[in-house]
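S.K.: entry_12.cif is the file, holding mmCIF, C-alpha atoms and all ligand atoms:
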```cif
data_structure
#
loop_
_atom_site.label_atom_id
_atom_site.label_comp_id
_atom_site.auth_asym_id
_atom_site.auth_seq_id
_atom_site.Cartn_x
_atom_site.Cartn_y
_atom_site.Cartn_z
CA MET A 54 80.79 113.55 113.66
CA SER A 55 78.13 112.99 111.03
CA THR A 56 75.31 110.57 111.87
CA PRO A 57 76.66 107.05 111.50
CA THR A 58 74.91 104.37 109.48
CA ILE A 59 74.81 101.11 111.37
CA SER A 60 73.68 97.90 109.73
CA SER A 61 70.72 96.30 111.48
CA LYS A 62 72.22 92.92 110.62
CA LEU A 63 75.80 93.52 111.71
CA GLN A 64 77.52 90.12 111.86
CA ILE A 65 80.82 88.76 113.07
CA MET A 66 82.64 86.23 110.90
CA GLY A 67 85.32 84.26 112.75
CA VAL A 68 88.39 83.22 110.76
CA ILE A 69 89.41 79.60 111.24
CA ASN A 70 92.99 78.75 110.42
CA THR A 71 93.46 75.33 108.81
CA THR A 72 97.01 75.90 107.61
CA PRO A 73 99.29 73.31 109.23
CA ASP A 74 102.13 74.66 111.34
CA SER A 75 105.16 74.09 109.14
CA PHE A 76 107.39 73.59 112.18
CA SER A 77 105.34 70.81 113.72
CA ASP A 78 105.15 67.23 112.51
CA GLY A 79 101.71 66.89 114.05
CA GLY A 80 100.10 66.15 110.71
CA LYS A 81 96.59 66.76 109.45
CA PHE A 82 94.62 65.31 112.35
CA ASP A 83 96.34 67.59 114.78
CA THR A 84 95.49 70.55 112.55
CA LEU A 85 91.85 69.46 112.25
CA GLU A 86 91.55 69.02 115.99
CA LYS A 87 92.95 72.49 116.66
CA ALA A 88 90.76 74.10 114.01
CA PHE A 89 87.68 72.37 115.42
CA ALA A 90 88.52 73.57 118.93
CA GLN A 91 88.92 77.09 117.51
CA ALA A 92 85.51 76.79 115.83
CA GLN A 93 83.84 75.65 119.08
CA GLN A 94 85.45 78.52 120.95
CA MET A 95 84.24 81.06 118.36
CA ILE A 96 80.69 79.69 118.42
CA THR A 97 80.64 79.98 122.22
CA ALA A 98 82.06 83.51 121.99
CA GLY A 99 79.19 84.60 119.75
CA ALA A 100 80.38 84.34 116.16
CA ASP A 101 77.57 84.67 113.58
CA ILE A 102 79.49 83.02 110.72
CA LEU A 103 82.68 80.93 110.50
CA ASP A 104 85.05 81.40 107.55
CA ILE A 105 87.06 78.32 106.66
CA GLY A 106 89.93 78.46 104.21
CA GLY A 107 92.35 75.74 103.20
CA GLU A 108 94.65 77.88 101.10
CA SER A 109 96.73 80.72 102.50
CA THR A 110 96.29 83.93 100.50
CA ARG A 111 98.78 86.03 102.41
CA PRO A 112 101.25 87.96 100.25
CA GLY A 113 103.87 85.58 98.86
CA SER A 114 102.11 82.43 100.04
CA ARG A 115 102.40 79.17 98.12
CA ALA A 116 99.52 77.62 96.19
CA VAL A 117 97.75 74.58 97.62
CA ASP A 118 96.50 71.75 95.39
CA GLU A 119 92.91 70.61 95.37
CA PRO A 120 93.25 67.32 97.31
CA GLU A 121 95.11 69.11 100.09
CA GLU A 122 92.57 71.93 100.23
CA LEU A 123 89.70 69.42 100.40
CA ALA A 124 91.48 67.40 103.10
CA ARG A 125 91.89 70.53 105.22
CA THR A 126 88.40 71.92 104.87
CA LEU A 127 85.81 69.15 104.35
CA PRO A 128 86.37 67.19 107.59
CA LEU A 129 86.24 70.46 109.52
CA ILE A 130 82.98 71.57 107.88
CA SER A 131 81.43 68.14 108.60
CA ALA A 132 82.64 68.23 112.21
CA ILE A 133 81.16 71.70 112.79
CA ARG A 134 77.89 70.60 111.19
CA GLU A 135 77.66 67.80 113.77
CA ILE A 136 77.47 70.34 116.59
CA SER A 137 76.04 73.56 115.13
CA ASP A 138 73.86 75.19 112.46
CA ILE A 139 76.09 78.28 112.33
CA PRO A 140 76.53 79.60 108.77
CA ILE A 141 79.86 78.43 107.34
CA SER A 142 81.72 80.31 104.63
CA ILE A 143 84.27 78.56 102.44
CA ASP A 144 87.21 80.75 101.45
CA THR A 145 88.30 79.22 98.17
CA ASN A 146 88.95 80.00 94.53
CA LYS A 147 88.37 76.51 93.16
CA ALA A 148 84.94 75.64 91.78
CA SER A 149 85.41 71.99 92.80
CA VAL A 150 86.10 73.00 96.42
CA MET A 151 83.03 75.30 96.38
CA ARG A 152 80.84 72.36 95.28
CA ALA A 153 82.27 69.89 97.79
CA ALA A 154 82.16 72.38 100.66
CA VAL A 155 78.53 73.30 100.05
CA ALA A 156 77.66 69.58 99.81
CA ALA A 157 79.37 69.10 103.20
CA GLY A 158 77.32 71.89 104.78
CA ALA A 159 78.94 75.24 103.89
CA ASN A 160 76.47 78.07 103.20
CA ILE A 161 78.53 80.96 101.82
CA ILE A 162 81.29 81.22 99.19
CA ASN A 163 84.09 83.67 99.96
CA SER A 164 86.10 84.44 96.82
CA ILE A 165 89.11 86.72 97.06
CA TRP A 166 89.18 86.51 93.24
CA ALA A 167 85.56 87.71 93.05
CA LEU A 168 84.69 84.52 91.11
CA ARG A 169 87.01 85.44 88.22
CA LEU A 170 88.80 82.06 88.02
CA GLY A 171 87.75 79.06 85.89
CA ASP A 172 84.03 78.35 85.98
CA SER A 173 83.64 79.49 89.59
CA LEU A 174 81.05 82.15 88.69
CA GLN A 175 78.76 79.62 86.99
CA VAL A 176 79.27 77.05 89.75
CA ALA A 177 78.50 79.60 92.47
CA ALA A 178 75.31 80.58 90.61
CA GLN A 179 74.24 76.91 90.44
CA LEU A 180 74.92 76.43 94.14
CA ASP A 181 72.57 79.35 94.88
CA VAL A 182 74.29 80.49 98.09
CA PRO A 183 75.54 83.95 99.15
CA VAL A 184 78.86 84.89 97.55
CA CYS A 185 81.48 87.38 98.71
CA LEU A 186 83.12 89.23 95.82
CA MET A 187 86.42 90.78 96.92
CA HIS A 188 88.58 93.37 95.18
CA MET A 189 92.23 92.56 94.61
CA GLN A 190 94.79 94.33 92.43
CA GLY A 191 97.19 91.79 90.90
CA THR A 192 97.72 88.30 92.31
CA PRO A 193 98.55 87.20 95.87
CA ASP A 194 102.23 86.54 95.13
CA THR A 195 102.92 89.94 93.56
CA MET A 196 100.11 92.25 94.70
CA GLN A 197 102.07 94.09 97.39
CA GLN A 198 105.04 94.91 95.14
CA LYS A 199 103.77 98.19 93.72
CA PRO A 200 100.05 98.83 94.00
CA ILE A 201 99.02 101.83 91.90
CA TYR A 202 95.66 103.63 91.70
CA HIS A 203 94.63 107.01 90.36
CA ASP A 204 91.64 107.07 92.74
CA VAL A 205 91.53 103.93 94.86
CA VAL A 206 87.97 104.38 96.14
CA ALA A 207 86.52 105.04 92.67
CA GLU A 208 88.48 102.17 91.12
CA VAL A 209 87.51 99.62 93.77
CA LEU A 210 83.85 100.72 93.52
CA GLU A 211 83.99 100.36 89.73
CA PHE A 212 85.55 96.90 89.96
CA LEU A 213 82.94 95.69 92.46
CA GLN A 214 80.10 97.10 90.36
CA GLY A 215 81.50 95.12 87.41
CA ARG A 216 81.59 91.92 89.45
CA ILE A 217 78.04 92.53 90.75
CA ASP A 218 76.89 92.90 87.13
CA ALA A 219 78.70 89.69 86.13
CA ALA A 220 77.17 87.84 89.08
CA LEU A 221 73.66 89.03 88.17
CA VAL A 222 74.14 88.01 84.53
CA ALA A 223 75.28 84.56 85.70
CA GLY A 224 72.03 84.23 87.66
CA ILE A 225 73.19 84.97 91.20
CA ALA A 226 70.30 86.47 93.18
CA PRO A 227 70.79 90.12 94.22
CA HIS A 228 70.20 89.27 97.90
CA ASN A 229 73.04 86.72 97.71
CA ILE A 230 75.71 89.28 96.76
CA ILE A 231 78.27 90.49 99.32
CA VAL A 232 81.08 92.88 98.34
CA ASP A 233 84.46 93.47 99.97
CA PRO A 234 87.06 96.21 99.24
CA GLY A 235 89.82 93.67 99.93
CA PHE A 236 91.95 95.37 102.56
CA GLY A 237 95.62 94.51 102.05
CA PHE A 238 95.12 92.90 98.66
CA GLY A 239 97.23 95.06 96.34
CA LYS A 240 97.01 98.21 98.48
CA THR A 241 99.45 100.48 100.28
CA LEU A 242 98.74 101.74 103.80
CA GLU A 243 97.33 104.96 102.35
CA HIS A 244 95.05 103.03 99.96
CA ASN A 245 93.74 100.93 102.87
CA LEU A 246 93.11 104.00 105.02
CA LEU A 247 91.32 105.83 102.19
CA LEU A 248 89.06 102.81 101.65
CA LEU A 249 88.28 102.56 105.36
CA LYS A 250 87.56 106.28 105.61
CA SER A 251 85.24 106.07 102.58
CA LEU A 252 83.59 102.75 103.42
CA SER A 253 80.09 104.29 103.67
CA GLU A 254 80.31 105.04 99.92
CA PHE A 255 80.25 101.31 99.23
CA ARG A 256 76.65 101.19 100.43
CA LYS A 257 75.55 102.66 97.13
CA LEU A 258 76.42 99.34 95.47
CA GLY A 259 73.28 97.97 97.15
CA ALA A 260 74.98 94.77 98.34
CA GLN A 261 76.02 93.63 101.79
CA ILE A 262 79.50 94.84 102.78
CA LEU A 263 82.12 92.53 104.28
CA VAL A 264 85.45 93.83 105.60
CA GLY A 265 88.52 91.96 106.74
CA MET A 266 91.17 94.07 108.45
CA SER A 267 91.79 91.95 111.54
CA ARG A 268 95.51 91.80 112.46
CA LYS A 269 96.51 92.94 108.97
CA GLY A 270 99.64 94.81 107.92
CA MET A 271 97.77 98.14 107.72
CA ILE A 272 97.35 97.96 111.52
CA GLY A 273 100.93 96.80 112.00
CA ALA A 274 102.15 99.72 109.89
CA VAL A 275 100.31 102.31 111.97
CA LEU A 276 101.14 100.77 115.35
CA ASP A 277 104.56 99.35 114.44
CA LYS A 278 103.55 96.08 116.11
CA PRO A 279 103.64 92.40 115.04
CA ALA A 280 100.45 90.43 114.28
CA ASP A 281 100.05 89.12 117.83
CA GLN A 282 99.89 92.67 119.22
CA ARG A 283 97.25 94.10 116.91
CA LEU A 284 94.09 93.33 118.92
CA TYR A 285 93.26 96.89 119.99
CA GLY A 286 94.03 98.22 116.54
CA SER A 287 91.82 95.50 115.04
CA LEU A 288 88.93 96.38 117.37
CA SER A 289 89.31 100.05 116.47
CA VAL A 290 89.05 99.48 112.74
CA ALA A 291 86.16 97.04 113.24
CA VAL A 292 84.24 99.79 115.04
CA ILE A 293 85.14 102.39 112.40
CA ALA A 294 83.84 100.04 109.68
CA ALA A 295 80.68 99.13 111.62
CA MET A 296 79.88 102.83 112.16
CA GLN A 297 79.88 103.28 108.37
CA GLY A 298 77.50 100.49 107.56
CA ALA A 299 79.66 97.37 107.22
CA ASP A 300 77.43 94.29 107.52
CA ILE A 301 80.00 91.55 108.15
CA LEU A 302 83.31 91.90 110.02
CA ARG A 303 85.81 89.12 109.34
CA VAL A 304 87.93 88.78 112.50
CA HIS A 305 90.27 86.51 114.42
CA ASP A 306 89.33 87.73 117.93
CA VAL A 307 85.63 86.94 118.14
CA ALA A 308 84.94 87.43 121.88
CA GLU A 309 86.60 90.85 121.94
CA THR A 310 84.89 91.98 118.72
CA VAL A 311 81.51 90.86 120.09
CA ASP A 312 81.89 93.37 122.94
CA ALA A 313 83.16 96.17 120.71
CA LEU A 314 80.32 95.72 118.23
CA ALA A 315 77.71 95.39 121.00
CA MET A 316 78.40 99.05 121.68
CA VAL A 317 77.90 99.90 118.00
CA ARG A 318 74.71 97.81 117.83
CA ALA A 319 73.38 99.66 120.88
CA LEU A 320 73.82 102.97 119.02
CA GLY A 321 71.95 101.47 116.09
CA GLN A 322 68.97 100.83 118.33
CA VAL A 323 68.34 104.38 119.55
CA ALA A 324 66.72 107.09 117.49
CA ARG A 325 66.82 110.79 118.18
C1 LIG A 401 90.25 88.46 103.45
C2 LIG A 401 89.70 87.25 103.03
C3 LIG A 401 89.47 89.65 103.34
C4 LIG A 401 87.72 88.28 102.43
C5 LIG A 401 91.72 86.92 103.73
C6 LIG A 401 94.12 87.66 106.22
C7 LIG A 401 94.31 87.32 104.80
N1 LIG A 401 88.44 87.15 102.52
N2 LIG A 401 90.64 86.29 103.20
N3 LIG A 401 88.22 89.50 102.83
N4 LIG A 401 91.51 88.23 103.90
N5 LIG A 401 86.48 88.24 101.94
O1 LIG A 401 93.11 87.33 106.87
O2 LIG A 401 95.06 88.30 106.76
O3 LIG A 401 89.88 90.78 103.66
S1 LIG A 401 93.19 86.07 104.11
#
```
Represent the supplied structure as structure tokens.
Ligand code: 7PJ
M.R.:
Amino acid sequence: MSTPTISSKLQIMGVINTTPDSFSDGGKFDTLEKAFAQAQQMITAGADILDIGGESTRPGSRAVDEPEELARTLPLISAIREISDIPISIDTNKASVMRAAVAAGANIINSIWALRLGDSLQVAAQLDVPVCLMHMQGTPDTMQQKPIYHDVVAEVLEFLQGRIDAALVAGIAPHNIIVDPGFGFGKTLEHNLLLLKSLSEFRKLGAQILVGMSRKGMIGAVLDKPADQRLYGSLSVAVIAAMQGADILRVHDVAETVDALAMVRALGQVAR
């Protein structure tokens, strides 16, 4: 194996689910309580960042309106801020939600649209916080129908370079730019595997690299297992990404990933 490149600031981002269970009539408070408990658990387990989203972006998911998105995310951000200074990322595409979330205590904007919607790019620049720019081919409701690339790695790199340039022109500071190849967003299994295998190439963009593969379909496709049986597969791809220089791993299973990445961090601390 060639010498791995391990980020000295490898971080674990825990994903908090604020989507209400459609089969329960528990209502919003119940959802908030559960999400807050999940946040507390992740902080205790050693998460470095929490990612809070109020709109599902899974393939085929329905859009959520602004009041609902705010109702799901703002009380949770405020509640976490009462107990912890942990960096909070807001996973949203709406400029108004970005503003409100940062005012409530969020520190990072996670944009699966790479700030391409409305005036989100300008608003993110004004807010002066780190932004995650993610690649996606198509839109969430249609992206998995027929993803096509001539050279997926080159095309995703080119897209991200374009979004970095746009962010810099808008006034976003270079140190505030995070890029993400967008695993599962308009990609076949082969596209996802090629991106993972070539992840170290993304370091030439000069930005921090975030990856989210936890429990995704690419793991299910290889293992032929449903989402609740993808833990070991998720840990494996987290390690593969970390060995190639990923800076931030977006995961559901924080405690388990902390152990897996402790082994990678230990490698990063020895020199031959
Ligand atoms: C990602 C995300 C990802 C970033 C989701 C899921 C789908 N944000 N939001 N990167 N995935 N930056 O977690 O299965 O890969 S939602």
S.K.: Please identify every polymer residue within 8 Å of ligand LIG 401 (chain A), using all atoms listed in the file, and present the set as a ChimeraX atom specification.
M.R.: /A:68,106,109-111,144,163-165,185-187,232-238,263-269,303-304
S.K.: What is the distance between CA of Thr58 in chain A and CA of Leu248 in chain A, in Å to one decimal?
M.R.: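 So the two atoms, CA of Thr58 in chain A and CA of Leu248 in chain A, lie 16.2 Å apart.
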S.K.: Could you tell me how far CA of Asp138 in chain A sits from CA of Ala319 in chain A, in Å to one decimal place?
M.R.: 25.9 Å
S.K.: Taking into account all atoms listed in the file, which residue in the set A:Gly171, A:Lys199, A:Gly259, A:Leu127 is nearest to Ala156 in chain A?
M.R.: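 For Ala156 in chain A, the nearest of the candidates is A:Leu127.
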S.K.: In Å, with one decimal, what is the gap from CA of Glu208 in chain A to CA of Val222 in chain A?
M.R.: 21.2 Å
S.K.: Could you give me, as CSV, a per-residue list for range 233-264 of chain A showing, wherever an atom lies at most 12 Å from an atom of range 275-286 of chain A, the closest pair of atoms and their distance in Å to one decimal, using only C-alpha atoms and sorting by chain then residue number from low to high?
M.R.:
```
residue,atom,partner,partner_atom,distance
A:Thr241,CA,A:Val275,CA,11.9
A:Leu242,CA,A:Val275,CA,8.3
A:Glu243,CA,A:Val275,CA,10.4
A:Asn245,CA,A:Val275,CA,11.3
A:Leu246,CA,A:Val275,CA,10.1
```
